Structures are given as structure tokens and as C-alpha cells.
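Student: Just so it is clear, I am handing over my_file15.txt, which has compact mmCIF, C-alpha atoms.
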```txt
# COMPACT_ATOMS: atom_id res chain seq x y z
CA MET A 1 0.04 -0.42 -23.69
CA ASN A 2 -0.36 -1.99 -20.24
CA VAL A 3 0.97 -0.34 -17.09
CA HIS A 4 1.43 -1.91 -13.67
CA VAL A 5 1.85 -0.97 -10.02
CA ALA A 6 2.25 -3.57 -7.26
CA ARG A 7 0.38 -3.01 -4.01
CA GLN A 8 1.22 -4.55 -0.63
CA PRO A 9 -0.91 -3.94 2.46
CA ILE A 10 0.47 -2.58 5.74
CA PHE A 11 -1.42 -3.68 8.87
CA ASP A 12 -1.87 -2.35 12.38
CA LYS A 13 -1.78 -4.45 15.57
CA ASN A 14 -5.41 -5.49 15.10
CA MET A 15 -4.69 -6.83 11.60
CA ASN A 16 -6.63 -3.98 9.99
CA VAL A 17 -5.20 -2.48 6.79
CA PHE A 18 -3.57 0.85 7.68
CA ALA A 19 -2.07 1.63 4.27
CA TYR A 20 -0.70 0.15 1.05
CA GLU A 21 2.86 0.39 -0.18
CA LEU A 22 2.85 1.06 -3.92
CA LEU A 23 5.77 -0.55 -5.74
CA TYR A 24 7.20 -0.18 -9.22
CA ARG A 25 6.63 -2.99 -11.70
CA SER A 26 7.33 -3.08 -15.44
CA GLU A 27 6.06 -5.50 -18.06
CA HIS A 28 8.90 -7.79 -17.02
CA GLY A 29 8.64 -7.47 -13.24
CA PHE A 30 10.72 -4.90 -11.36
CA ASN A 31 14.16 -5.32 -12.87
CA ASP A 32 14.88 -3.08 -15.85
CA ASP A 33 17.24 -0.28 -16.80
CA LYS A 34 15.27 2.57 -15.21
CA ASP A 35 16.83 4.39 -12.28
CA GLY A 36 15.11 5.00 -8.95
CA SER A 37 13.74 8.42 -9.89
CA GLN A 38 12.18 7.08 -13.09
CA LYS A 39 10.58 4.22 -11.17
CA THR A 40 9.16 6.64 -8.61
CA GLY A 41 7.79 8.76 -11.45
CA GLU A 42 6.11 5.72 -12.98
CA VAL A 43 4.44 4.78 -9.69
CA VAL A 44 3.24 8.35 -9.09
CA PHE A 45 1.92 8.84 -12.62
CA ASN A 46 0.28 5.45 -13.01
CA THR A 47 -1.39 5.72 -9.61
CA LEU A 48 -2.78 9.21 -10.19
CA VAL A 49 -3.71 8.93 -13.86
CA ASN A 50 -3.86 5.42 -15.31
CA LEU A 51 -5.07 3.37 -12.33
CA GLY A 52 -6.73 5.91 -10.03
CA LEU A 53 -6.42 6.59 -6.31
CA ASP A 54 -9.74 4.99 -5.38
CA ASN A 55 -8.89 1.84 -7.29
CA MET A 56 -5.44 1.59 -5.73
CA LEU A 57 -6.08 2.69 -2.16
CA GLY A 58 -9.76 2.41 -1.29
CA GLY A 59 -9.44 5.31 1.15
CA LYS A 60 -6.21 4.11 2.78
CA LYS A 61 -2.82 5.84 2.81
CA ALA A 62 -0.10 5.20 0.23
CA PHE A 63 3.53 4.50 1.12
CA ILE A 64 5.76 5.38 -1.87
CA ASN A 65 9.55 5.35 -2.14
CA PHE A 66 11.02 8.70 -3.16
CA THR A 67 14.62 9.27 -4.22
CA LYS A 68 16.58 12.35 -3.23
CA ASP A 69 16.02 13.91 -6.66
CA THR A 70 12.25 13.37 -6.61
CA ILE A 71 11.98 14.88 -3.13
CA ASP A 72 14.17 17.84 -4.16
CA ASP A 73 11.83 18.28 -7.17
CA GLU A 74 8.77 18.29 -4.86
CA LEU A 75 7.22 15.27 -6.56
CA PRO A 76 5.45 14.15 -3.35
CA LYS A 77 3.23 17.22 -3.63
CA MET A 78 1.46 15.57 -6.54
CA PHE A 79 -0.47 13.80 -3.74
CA SER A 80 -2.58 15.18 -0.93
CA ASN A 81 -0.91 15.14 2.51
CA GLU A 82 -3.93 13.18 3.74
CA ILE A 83 -3.03 10.25 1.51
CA LEU A 84 0.73 10.05 1.06
CA VAL A 85 3.44 8.66 3.31
CA VAL A 86 6.80 9.75 1.86
CA GLU A 87 9.30 6.91 2.16
CA ILE A 88 12.89 8.13 2.33
CA LEU A 89 15.28 5.55 0.97
CA GLU A 90 18.00 4.40 3.32
CA ASP A 91 20.78 5.11 0.79
CA VAL A 92 19.95 8.82 0.45
CA ILE A 93 22.85 11.04 1.53
CA PRO A 94 21.06 14.13 2.88
CA ASP A 95 22.29 17.62 2.07
CA GLU A 96 20.86 21.01 3.05
CA THR A 97 18.43 21.15 0.11
CA PHE A 98 17.08 17.69 0.83
CA LEU A 99 16.65 18.38 4.55
CA ASN A 100 14.86 21.65 3.81
CA GLN A 101 12.48 19.89 1.43
CA CYS A 102 11.75 17.24 4.08
CA LYS A 103 11.11 19.93 6.70
CA MET A 104 8.76 21.71 4.30
CA LEU A 105 6.84 18.48 3.63
CA LYS A 106 6.62 17.86 7.37
CA ASP A 107 5.36 21.41 8.00
CA GLN A 108 2.74 20.92 5.30
CA GLY A 109 1.35 17.85 7.02
CA TYR A 110 2.98 15.01 5.10
CA VAL A 111 3.99 11.86 6.97
CA LEU A 112 7.63 10.84 6.47
CA ALA A 113 8.96 7.29 6.82
CA LEU A 114 12.55 6.00 6.75
CA ASP A 115 12.90 2.79 4.75
CA ASP A 116 15.06 -0.30 5.53
CA PHE A 117 16.40 1.14 8.77
CA ASP A 118 19.12 -0.60 10.80
CA SER A 119 21.76 0.27 13.39
CA SER A 120 24.26 1.40 10.72
CA TYR A 121 22.13 4.40 9.74
CA SER A 122 23.95 7.55 10.84
CA TYR A 123 21.97 10.59 9.66
CA GLU A 124 20.43 11.89 12.87
CA ASP A 125 18.93 14.93 11.10
CA VAL A 126 16.74 12.64 9.01
CA ILE A 127 15.74 10.46 11.97
CA GLY A 128 14.63 13.61 13.78
CA LEU A 129 12.25 14.45 10.93
CA VAL A 130 10.53 11.14 10.23
CA ASP A 131 7.30 9.87 11.75
CA ILE A 132 7.76 6.18 10.97
CA ILE A 133 10.86 3.97 10.98
CA LYS A 134 10.69 0.80 8.89
CA VAL A 135 12.88 -2.02 10.20
CA ASP A 136 13.79 -4.86 7.83
CA PHE A 137 13.16 -8.14 9.71
CA LEU A 138 15.10 -10.17 7.15
CA SER A 139 18.36 -8.32 7.68
CA THR A 140 18.26 -7.80 11.46
CA THR A 141 18.45 -10.05 14.50
CA VAL A 142 15.91 -10.18 17.31
CA ARG A 143 18.28 -8.26 19.55
CA GLU A 144 18.88 -5.55 16.94
CA ARG A 145 15.15 -5.10 16.41
CA GLU A 146 14.63 -4.66 20.15
CA GLU A 147 17.56 -2.26 20.56
CA LEU A 148 16.39 -0.07 17.69
CA VAL A 149 13.01 0.41 19.35
CA LYS A 150 14.59 1.23 22.72
CA LYS A 151 17.13 3.64 21.24
CA TYR A 152 14.84 5.64 18.97
CA SER A 153 11.51 5.61 20.81
CA THR A 154 12.55 8.94 22.38
CA TYR A 155 12.25 10.47 18.87
CA ASN A 156 8.46 10.19 19.03
CA VAL A 157 8.29 7.86 16.05
CA LYS A 158 6.27 4.75 15.26
CA PHE A 159 7.94 1.53 14.15
CA LEU A 160 6.98 -0.58 11.17
CA ALA A 161 8.19 -4.16 10.90
CA GLU A 162 8.71 -4.96 7.23
CA LYS A 163 9.48 -8.28 5.54
CA VAL A 164 7.70 -10.18 8.29
CA GLU A 165 7.45 -13.75 7.00
CA THR A 166 6.19 -15.87 9.91
CA LYS A 167 3.60 -15.74 12.68
CA ASP A 168 6.40 -15.90 15.25
CA GLU A 169 8.01 -12.76 13.77
CA PHE A 170 4.65 -10.97 13.85
CA GLU A 171 4.10 -11.84 17.51
CA GLU A 172 7.68 -10.89 18.31
CA ALA A 173 7.23 -7.51 16.63
CA ILE A 174 4.12 -6.80 18.69
CA SER A 175 5.90 -7.72 21.92
CA LEU A 176 8.82 -5.40 21.04
CA GLY A 177 6.54 -2.41 20.54
CA TYR A 178 6.16 -2.24 16.76
CA ASP A 179 3.06 -0.41 15.53
CA TYR A 180 2.69 -1.49 11.90
CA PHE A 181 3.48 -4.69 10.01
CA GLN A 182 4.20 -5.67 6.41
CA GLY A 183 5.48 -8.80 4.70
CA PHE A 184 4.77 -12.09 3.00
CA PHE A 185 3.21 -13.47 6.22
CA PHE A 186 0.29 -11.13 5.58
CA SER A 187 0.26 -10.70 1.81
CA LYS A 188 2.59 -10.69 -1.17
CA PRO A 189 2.48 -7.60 -3.42
CA VAL A 190 -0.52 -7.77 -5.76
CA LEU A 191 -0.19 -6.43 -9.30
CA VAL A 192 -2.73 -3.81 -10.40
CA SER A 193 -2.77 -3.17 -14.15
CA GLY A 194 -4.34 -0.66 -16.53
CA ASN A 195 -3.99 0.92 -19.96
CA ASP A 196 -1.87 3.88 -20.99
CA PHE A 197 -1.59 5.90 -24.19
CA ARG A 198 1.56 7.73 -25.15
CA VAL A 199 1.70 11.41 -25.98
CA PHE A 200 2.88 12.69 -29.37
CA ASN A 201 6.64 13.18 -29.05
CA ASN A 202 6.85 16.83 -29.99
CA THR A 203 3.99 17.79 -27.64
CA TYR A 204 6.37 17.70 -24.68
CA LEU A 205 8.87 19.96 -26.33
CA LEU A 206 6.22 22.49 -27.26
CA LEU A 207 4.66 22.46 -23.79
CA LEU A 208 7.93 22.75 -21.87
CA SER A 209 9.17 25.42 -24.25
CA GLU A 210 6.07 27.49 -23.49
CA LEU A 211 6.29 26.84 -19.73
CA ASN A 212 9.94 27.91 -19.65
CA LYS A 213 9.13 31.32 -21.06
CA GLU A 214 9.31 34.29 -18.72
CA GLU A 215 5.55 34.76 -19.11
CA PRO A 216 3.93 31.51 -20.27
CA SER A 217 0.43 31.64 -21.74
CA TYR A 218 -2.51 29.41 -20.88
CA ASP A 219 -3.92 30.12 -24.33
CA GLU A 220 -0.77 28.77 -26.00
CA LEU A 221 -0.72 25.73 -23.71
CA GLU A 222 -4.34 25.01 -24.55
CA GLN A 223 -3.63 25.08 -28.27
CA ILE A 224 -0.85 22.52 -27.78
CA VAL A 225 -2.74 20.20 -25.42
CA LYS A 226 -5.95 20.10 -27.43
CA LYS A 227 -4.14 18.41 -30.35
CA ASP A 228 -3.35 15.31 -28.28
CA PHE A 229 -6.08 12.98 -26.94
CA SER A 230 -3.72 11.18 -24.57
CA ILE A 231 -2.39 14.24 -22.80
CA THR A 232 -5.85 15.80 -22.56
CA PHE A 233 -7.28 12.71 -20.89
CA LYS A 234 -4.35 12.47 -18.49
CA LEU A 235 -4.64 16.16 -17.64
CA LEU A 236 -8.31 15.80 -16.78
CA LYS A 237 -7.68 12.78 -14.55
CA LEU A 238 -4.80 14.51 -12.80
CA VAL A 239 -6.99 17.52 -11.99
CA ASN A 240 -9.42 15.09 -10.35
CA SER A 241 -6.71 13.52 -8.18
CA ALA A 242 -6.69 14.20 -4.45
CA ALA A 243 -3.80 16.63 -4.74
CA PHE A 244 -5.67 19.04 -6.99
CA TYR A 245 -9.33 18.19 -6.51
CA SER A 246 -11.73 21.12 -6.62
CA ARG A 247 -15.47 21.38 -6.33
CA ASN A 248 -15.48 23.20 -9.67
CA ARG A 249 -16.59 21.14 -12.65
CA ILE A 250 -14.27 21.26 -15.64
CA THR A 251 -15.72 22.96 -18.70
CA THR A 252 -12.69 23.34 -21.01
CA ILE A 253 -9.10 22.24 -21.41
CA ARG A 254 -7.98 25.76 -20.47
CA HIS A 255 -9.97 25.50 -17.26
CA ALA A 256 -8.08 22.31 -16.33
CA LEU A 257 -4.73 23.98 -17.09
CA THR A 258 -5.45 26.99 -14.90
CA MET A 259 -6.55 24.76 -12.03
CA LEU A 260 -3.07 23.24 -11.93
CA GLY A 261 -1.03 26.40 -12.54
CA PHE A 262 2.25 26.84 -14.37
CA LYS A 263 4.49 25.36 -11.64
CA GLU A 264 2.57 22.08 -11.34
CA LEU A 265 2.14 21.82 -15.10
CA LYS A 266 5.87 22.11 -15.64
CA LYS A 267 6.54 19.43 -13.05
CA TRP A 268 3.91 17.11 -14.51
CA PHE A 269 4.86 17.55 -18.16
CA SER A 270 8.53 16.95 -17.25
CA LEU A 271 7.53 13.70 -15.56
CA LEU A 272 5.55 12.67 -18.62
CA MET A 273 8.44 13.39 -20.96
CA ILE A 274 10.79 11.21 -18.93
CA ARG A 275 8.50 8.21 -19.20
CA ASP A 276 7.08 8.59 -22.72
CA VAL A 277 10.20 8.34 -24.84
CA GLY A 278 8.79 5.92 -27.40
CA ASP A 279 7.80 6.55 -31.00
CA ASP A 280 4.16 5.46 -30.75
CA GLN A 281 2.11 6.47 -33.77
CA PRO A 282 -1.39 7.91 -33.23
CA LYS A 283 -4.05 5.22 -33.48
CA GLU A 284 -7.05 5.58 -35.75
CA LEU A 285 -9.45 5.98 -32.83
CA THR A 286 -7.50 8.87 -31.36
CA ARG A 287 -7.35 10.39 -34.84
CA MET A 288 -11.14 10.12 -35.09
CA SER A 289 -11.60 11.72 -31.67
CA LEU A 290 -9.48 14.69 -32.77
CA ILE A 291 -11.53 15.07 -35.95
CA ARG A 292 -14.73 15.03 -33.91
CA ALA A 293 -13.31 17.60 -31.49
CA LYS A 294 -12.29 20.05 -34.21
CA MET A 295 -15.54 19.60 -36.13
CA LEU A 296 -17.71 20.20 -33.06
CA GLU A 297 -15.68 23.26 -32.14
CA ALA A 298 -16.08 24.69 -35.64
CA MET A 299 -19.83 24.11 -35.71
CA LEU A 300 -20.41 25.72 -32.31
CA LYS A 301 -18.46 28.80 -33.38
CA GLN A 302 -21.17 29.43 -36.01
CA THR A 303 -24.12 29.14 -33.63
CA HIS A 304 -25.64 31.08 -30.72
CA LEU A 305 -23.39 28.88 -28.54
CA LYS A 306 -20.19 30.22 -30.09
CA SER A 307 -18.82 31.19 -26.67
CA HIS A 308 -18.93 27.48 -25.79
CA ALA A 309 -16.82 26.25 -28.70
CA SER A 310 -14.12 24.97 -26.31
CA GLU A 311 -16.69 22.78 -24.58
CA GLY A 312 -17.51 21.28 -27.97
CA PHE A 313 -13.87 20.46 -28.54
CA LEU A 314 -13.67 18.63 -25.21
CA ILE A 315 -16.85 16.68 -25.93
CA GLY A 316 -15.55 15.52 -29.29
CA LEU A 317 -12.21 14.54 -27.82
CA LEU A 318 -13.82 12.44 -25.07
CA SER A 319 -16.63 10.98 -27.17
CA LEU A 320 -14.62 7.86 -28.06
CA ALA A 321 -12.78 7.55 -24.73
CA ASP A 322 -14.73 4.42 -23.78
CA VAL A 323 -13.60 2.64 -26.95
CA ILE A 324 -10.02 3.94 -26.81
CA LEU A 325 -9.56 3.02 -23.14
CA ASP A 326 -11.69 -0.14 -23.27
CA ARG A 327 -13.75 1.04 -20.30
CA ARG A 328 -17.38 1.92 -19.79
CA MET A 329 -18.07 5.64 -20.16
CA GLU A 330 -19.69 5.59 -16.72
CA GLU A 331 -16.38 4.54 -15.19
CA ILE A 332 -14.41 7.14 -17.12
CA ILE A 333 -16.72 9.97 -16.09
CA THR A 334 -16.24 9.17 -12.40
CA ASP A 335 -12.52 9.93 -12.84
CA ILE A 336 -13.08 13.38 -14.36
CA PRO A 337 -15.06 16.27 -12.79
CA LEU A 338 -16.80 17.34 -16.02
CA ASP A 339 -19.49 19.96 -16.42
CA ASP A 340 -23.01 18.47 -16.44
CA GLU A 341 -23.76 19.61 -20.01
CA ILE A 342 -20.63 17.85 -21.27
CA ILE A 343 -21.68 14.67 -19.48
CA LYS A 344 -25.16 14.88 -21.03
CA ALA A 345 -23.65 15.06 -24.50
CA LEU A 346 -21.35 12.09 -23.90
CA PHE A 347 -24.34 10.02 -22.81
CA LYS A 348 -26.58 11.35 -25.63
CA GLU A 349 -28.96 12.88 -23.09
CA GLU A 350 -30.91 16.02 -23.95
CA GLY A 351 -28.67 19.05 -23.50
CA LEU A 352 -26.97 22.03 -25.11
CA TYR A 353 -24.44 20.12 -27.21
CA THR A 354 -25.91 16.64 -27.63
CA ASP A 355 -27.54 17.11 -31.03
CA LEU A 356 -24.35 18.46 -32.60
CA LEU A 357 -22.37 15.44 -31.39
CA ILE A 358 -25.02 13.23 -32.95
CA VAL A 359 -24.65 15.22 -36.18
CA VAL A 360 -20.94 14.40 -36.23
CA GLU A 361 -21.67 10.70 -35.75
CA HIS A 362 -24.27 10.69 -38.53
CA TYR A 363 -21.81 12.40 -40.86
CA GLU A 364 -19.13 9.78 -40.12
CA LYS A 365 -21.60 7.04 -41.10
CA GLY A 366 -22.86 8.82 -44.22
CA GLU A 367 -26.37 9.10 -42.77
CA TRP A 368 -27.05 12.43 -44.52
CA GLU A 369 -30.84 12.36 -44.19
CA GLU A 370 -30.57 12.32 -40.38
CA ILE A 371 -28.51 15.53 -40.23
CA LYS A 372 -30.79 18.32 -41.48
CA PRO A 373 -33.45 18.16 -38.70
CA LEU A 374 -30.65 18.38 -36.12
CA ILE A 375 -28.76 21.32 -37.60
CA ASP A 376 -31.75 23.50 -38.53
CA PRO A 377 -32.25 24.81 -34.96
CA PHE A 378 -28.60 25.88 -34.98
CA MET A 379 -28.97 27.79 -38.28
CA LEU A 380 -26.37 25.58 -39.97
CA ASP A 381 -26.58 24.09 -43.46
CA PHE A 382 -25.28 20.76 -44.73
CA LEU A 383 -22.55 22.30 -46.88
CA ASP A 384 -21.10 24.03 -43.81
CA VAL A 385 -21.08 20.74 -41.90
CA SER A 386 -19.24 19.04 -44.78
CA ASN A 387 -16.64 21.79 -44.88
CA TYR A 388 -16.07 21.58 -41.12
CA TYR A 389 -15.46 17.85 -41.42
CA LEU A 390 -12.91 18.29 -44.22
CA GLU A 391 -11.19 21.12 -42.35
CA ALA A 392 -10.96 18.92 -39.26
CA ILE A 393 -9.29 16.16 -41.28
CA ASP A 394 -6.78 18.66 -42.67
CA TRP A 395 -6.06 19.91 -39.14
CA VAL A 396 -5.37 16.39 -37.85
CA ASN A 397 -3.15 15.63 -40.86
CA ILE A 398 -1.07 18.70 -40.09
CA ILE A 399 -0.69 17.56 -36.47
CA GLU A 400 0.45 14.08 -37.47
CA ASN A 401 2.86 15.34 -40.11
CA SER A 402 4.45 17.78 -37.67
CA LYS A 403 5.55 15.11 -35.21
```
For this file, produce the structure as C-alpha cells.
Tutor:
Amino acid sequence: MNVHVARQPIFDKNMNVFAYELLYRSEHGFNDDKDGSQKTGEVVFNTLVNLGLDNMLGGKKAFINFTKDTIDDELPKMFSNEILVVEILEDVIPDETFLNQCKMLKDQGYVLALDDFDSSYSYEDVIGLVDIIKVDFLSTTVREREELVKKYSTYNVKFLAEKVETKDEFEEAISLGYDYFQGFFFSKPVLVSGNDFRVFNNTYLLLLSELNKEEPSYDELEQIVKKDFSITFKLLKLVNSAAFYSRNRITTIRHALTMLGFKELKKWFSLLMIRDVGDDQPKELTRMSLIRAKMLEAMLKQTHLKSHASEGFLIGLLSLADVILDRRMEEIITDIPLDDEIIKALFKEEGLYTDLLIVVEHYEKGEWEEIKPLIDPFMLDFLDVSNYYLEAIDWVNIIENSK
């Protein structure tokens, strides 16, 4: 399915792009039955996983609207503080929990902005926390815009003129002391689109059930995740996002899980469950990738590389990602910090696992004569390979029937 996020640039006084505001859009525009928190979740998830930070931002900051609930749930922390500007909606009624969360974000280096500000706004505690005040030029008069700057400049904030639609309004905003500018005069929101794949319905329940235990287990989580191509791919991309990026190259699904930790996993899987409520059936390509994963894992367990069986599973799962996602493998690999040996296998370059992936592909095509020279160095025989393939099919059938 297609996913969308709209992007509108925010400029400084020199007409250089300072940041982009990322806005919710559905297949039908921006009007649907989702509430504000769901829309925020969609923007966060699609930006981090389906579209990618580099593609969306190009090194600039991101302004994103957050509801009270999403701030209370610490959703902004999915992003690095170097990238995100947390927009507080003007209709939020702040309570102690909300204010404490905002203070914590501020202390951790996040920039806070107050959206659609005007003279009727009365929550001084919030004004005292924000770094940027956004003034709506469509709903205010020239005098109001000037008075707002004079009144609140003592708060050590910067002012952003939004919904600027003419050159005269831009020049007026500069003369009044505004620092940043956004609106149709500069650019309308541009739609950025990508592909998404839904997670098997019961995967969420199993994952959240494990994470809600008093002592959750990474081993159990790995067993659940590895049965679902979609959630594995999203997990790997999330680990590579700015919020969680590490110099360590991912070698296994378990490695990716431990890099996030139980708290972030629970937050992320909850977000996924909210948005993936459909009844999508697994497609044949994802089924084939699961068969490959299980078959490669089984073969490696019977070789001198048995301690690397989990790497084999990941290779098999990602081996068809270019076809499933309709993207070049080179592009996909840039989004995921994979171990070099895994990358070699995916590109059929000489490496530890490459020949066994080629064996799987030959078996799928019925090219039996090509298999023996490749499996001999691993001390495997053809009958074993056949059994591993049939066992992998049985494993995938069980997964599909358990949904």
C-alpha cells in the first residue's frame, strides 16, 4: 500500500531553508476519521521507516505536531534532539504530567514550538518553555502580530510567521522582528510517498504480551519477529534512524531488538498496532522470503557456521526485499546498518553465506545439478537440502494458519 507525508519548507530571513514541517496526509488528503494522536503516529512512523529521514529532510530539522497524549507517551523521543522540533498544538490543555514531559524534553535538548499562537492563548507555563512561537498570519491583524512580538520577546523566544501568502506579508514579518517564515508565498506542502507492508495481525498481540511481562525475553521477541518480513524490515530501518543510530553493524534480528531495548520496543510496537488494523493477507513474495530465511537458517545449523544461523535467517528474509519493496537493493541497504558479510550475500559477492543463498535460489528453480558443487564444502547432501526446504514450507504454513 502507498503511504504519504506532506512536507512544507520553513525559511529564515535570507530565504534559506531552515526546516521542514511534516504534515499528515492519507490516500484521500488530510481529512479522515483518525484522531490527532493517530495522525501524529502516522507521520512519525512513515518518516522514520517508510520514507526515511534523509529523503524527507536532507539534513534539515523537522517540525511535527504532537498531541498531549503523544507527548505524555514520549513519542518525540523516537527522533534525535538534533533533528526534531516538537510542535505543541494550541488546543492542548496542559496538566502537571504534560508540563513535566515538556520540561524533560527541553532538558534533553529538544526544541519546542507553540503552534497557531494568538493573543487569546493563556497558558503562561507553556510559553515559558517553548523556543519558537508560531503566529498564524491568516487569523491575526498587523497590529496583533506586532503586539505579540513586543509582549513575548522577553521570553527569549524566536517568532515564526506561518501562513504567509504574499510578498507584502513576508516583508512585514521581517520588519516586525519575525525570525522564520512559512506559507503558500514560499511553497505549498509537497507530498512525499512510499510503500508500506502491514504486519500479521496476531504479531502485535504476541509482541506486546511478551513486553508486558515482568521479565520480557529478547529470545522470545526474536522468535515472534522473525516470522514476519514486514516487521523485521521496519525494525531494521528504525534502528538505523537518527534516534537510535549506532556505529555497530546489525548481524541478527536479536541484535536489532537489544539495540532498542524493551521500553522503546513497547512504544514502537504499540504505535504499529494502532496504525495496522487491517486484515492484509501475506503476499507470495513475503511467503517466499520467509521460506528462504528458514531454509538458510536450517542449513547453517548443520555446518561449521552453525553459530551464525541467525545471520542466515536475516539474509533469507531480506533477499527479496528489492522485489517486495520495488526498490533497488543498493537503496535498501543504505537504510539498514547491516554486517558486511550479510551485504555480500545479498549482492552475491564472495563471502561466508553467499553460496548457501545461491543454493536456495537454485532449489527454488529446480536447478538440481547446480547445487552439489556448492554444498559439498559445507558437508551437506542434497537430501538434507530438500528436507530443509520442505520443513521451511511447513513452518510458514503454520505461521499463516495461526493468524
Student: Choose the residue, out of A:Val5, A:Met15, A:Ala298, A:Ile371, that has the smallest atom-to-atom separation from Ile174 (chain A); count only C-alpha atoms.
Tutor: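 The shortest atom-to-atom distance to Ile174 (chain A) comes from A:Met15.
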Student: Contacts of Ser37 (chain A) at 8 Å or less, counting all atoms listed in the file, minus same-chain residues fewer than 2 places along, as a PDB file with C-alpha atoms, in the frame of the given file?
Tutor:
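Below you can see part37.pdb, which holds the result:
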```pdb
ATOM      1  CA  ASP A  35      16.830   4.390 -12.280  1.00  0.00           C
ATOM      2  CA  LYS A  39      10.580   4.220 -11.170  1.00  0.00           C
ATOM      3  CA  THR A  40       9.160   6.640  -8.610  1.00  0.00           C
ATOM      4  CA  GLY A  41       7.790   8.760 -11.450  1.00  0.00           C
ATOM      5  CA  PHE A  66      11.020   8.700  -3.160  1.00  0.00           C
ATOM      6  CA  THR A  67      14.620   9.270  -4.220  1.00  0.00           C
ATOM      7  CA  ASP A  69      16.020  13.910  -6.660  1.00  0.00           C
ATOM      8  CA  THR A  70      12.250  13.370  -6.610  1.00  0.00           C
TER       9      THR A  70
END
```
Student: Rank nothing, just name the residue among A:Asp95, A:Tyr110, A:Arg254, A:Lys61 nearest to Asn81 (chain A), using all atoms listed in the file.
Tutor: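 Using all atoms listed in the file, the shortest distance to Asn81 (chain A) belongs to A:Tyr110.
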Student: Work out how far CA of Val126 (chain A) is from CA of Leu138 (chain A), in Å to one decimal.
Tutor: 22.9 Å
Student: Could you check how far CA of Lys134 (chain A) sits from CA of Leu51 (chain A), in Å to one decimal?
Tutor: 26.6 Å
Student: Write out as a list of chain:residue names which residues come within 10 Å of Leu206 (chain A) when counting all atoms listed in the file, dropping same-chain ones fewer than 5 positions away.
Tutor: A:Asn201, A:Leu211, A:Glu220, A:Leu221, A:Ile224, A:Val225
Student: Write out the residues from the selection above, keeping C-alpha atoms, as a short mmCIF file (atom, residue, chain, number, x, y, z; two decimals), in the coordinates of the input.
Tutor:
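Just written: again.cif:
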```
data_model
loop_
_atom_site.label_atom_id
_atom_site.label_comp_id
_atom_site.auth_asym_id
_atom_site.auth_seq_id
_atom_site.Cartn_x
_atom_site.Cartn_y
_atom_site.Cartn_z
CA ASN A 201 6.64 13.18 -29.05
CA LEU A 211 6.29 26.84 -19.73
CA GLU A 220 -0.77 28.77 -26.00
CA LEU A 221 -0.72 25.73 -23.71
CA ILE A 224 -0.85 22.52 -27.78
CA VAL A 225 -2.74 20.20 -25.42
#
```
Student: Quick one: residues within 6 Å of region 299-311 of chain A, only C-alpha atoms counted, chain neighbours fewer than 5 positions away excluded, as a PyMOL selection string?
Tutor: chain A and resi 251-252+378
Student: I want to know what sits within 8 Å of region 98-103 of chain A, based on only C-alpha atoms, with residues of the same chain fewer than 4 positions away left out; could you give that as a list of chain:residue names?
Tutor: A:Lys68, A:Ile71, A:Asp72, A:Glu74, A:Pro94, A:Asp107, A:Leu112, A:Asp125, A:Val126, A:Leu129
Student: Would you pick out the contacts of Gly58 (chain A) at 12 Å or less, using only C-alpha atoms, so that residues sharing its chain but fewer than 6 positions from it are not included, and give the list as a list of chain:residue names?
Tutor: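 Listing them by chain and then by number gives A:Arg7, A:Pro9, A:Val17, A:Phe18, A:Ala19, A:Tyr20, A:Gly52, A:Ile83.
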Student: Please report the interatomic distance between CA of Lys344 (chain A) and CA of Arg328 (chain A) in Å with one decimal.
Tutor: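 Here the two named atoms are 15.2 Å from each other.
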Student: Please, could N, CA and C atoms be added to region 90-105 of chain A and the result written as an mmCIF file, in the coordinates of the input?
Tutor:
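The result, written out as rebuild23.cif:
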```cif
data_model
loop_
_atom_site.group_PDB
_atom_site.id
_atom_site.type_symbol
_atom_site.label_atom_id
_atom_site.label_comp_id
_atom_site.auth_asym_id
_atom_site.auth_seq_id
_atom_site.Cartn_x
_atom_site.Cartn_y
_atom_site.Cartn_z
ATOM 1 N N GLU A 90 16.903 4.466 2.344
ATOM 2 C CA GLU A 90 18.000 4.400 3.320
ATOM 3 C C GLU A 90 19.351 4.804 2.741
ATOM 4 N N ASP A 91 19.490 4.775 1.399
ATOM 5 C CA ASP A 91 20.780 5.110 0.790
ATOM 6 C C ASP A 91 20.895 6.585 0.403
ATOM 7 N N VAL A 92 19.888 7.392 0.744
ATOM 8 C CA VAL A 92 19.950 8.820 0.450
ATOM 9 C C VAL A 92 20.979 9.490 1.364
ATOM 10 N N ILE A 93 21.893 10.248 0.750
ATOM 11 C CA ILE A 93 22.850 11.040 1.530
ATOM 12 C C ILE A 93 22.278 12.458 1.624
ATOM 13 N N PRO A 94 21.765 12.848 2.777
ATOM 14 C CA PRO A 94 21.060 14.130 2.880
ATOM 15 C C PRO A 94 21.985 15.322 2.815
ATOM 16 N N ASP A 95 21.577 16.346 2.062
ATOM 17 C CA ASP A 95 22.290 17.620 2.070
ATOM 18 C C ASP A 95 21.298 18.693 2.530
ATOM 19 N N GLU A 96 21.704 19.943 2.520
ATOM 20 C CA GLU A 96 20.860 21.010 3.050
ATOM 21 C C GLU A 96 19.553 21.142 2.266
ATOM 22 N N THR A 97 19.640 21.039 0.925
ATOM 23 C CA THR A 97 18.430 21.150 0.110
ATOM 24 C C THR A 97 17.440 20.049 0.427
ATOM 25 N N PHE A 98 17.941 18.831 0.533
ATOM 26 C CA PHE A 98 17.080 17.690 0.830
ATOM 27 C C PHE A 98 16.422 17.847 2.196
ATOM 28 N N LEU A 99 17.202 18.219 3.200
ATOM 29 C CA LEU A 99 16.650 18.380 4.550
ATOM 30 C C LEU A 99 15.598 19.484 4.584
ATOM 31 N N ASN A 100 15.835 20.563 3.855
ATOM 32 C CA ASN A 100 14.860 21.650 3.810
ATOM 33 C C ASN A 100 13.556 21.210 3.158
ATOM 34 N N GLN A 101 13.685 20.397 2.097
ATOM 35 C CA GLN A 101 12.480 19.890 1.430
ATOM 36 C C GLN A 101 11.699 18.969 2.375
ATOM 37 N N CYS A 102 12.410 18.136 3.128
ATOM 38 C CA CYS A 102 11.750 17.240 4.080
ATOM 39 C C CYS A 102 11.051 18.037 5.184
ATOM 40 N N LYS A 103 11.716 19.077 5.669
ATOM 41 C CA LYS A 103 11.110 19.930 6.700
ATOM 42 C C LYS A 103 9.851 20.608 6.163
ATOM 43 N N MET A 104 9.915 21.054 4.909
ATOM 44 C CA MET A 104 8.760 21.710 4.300
ATOM 45 C C MET A 104 7.596 20.722 4.167
ATOM 46 N N LEU A 105 7.890 19.493 3.730
ATOM 47 C CA LEU A 105 6.840 18.480 3.630
ATOM 48 C C LEU A 105 6.231 18.206 5.009
#
```
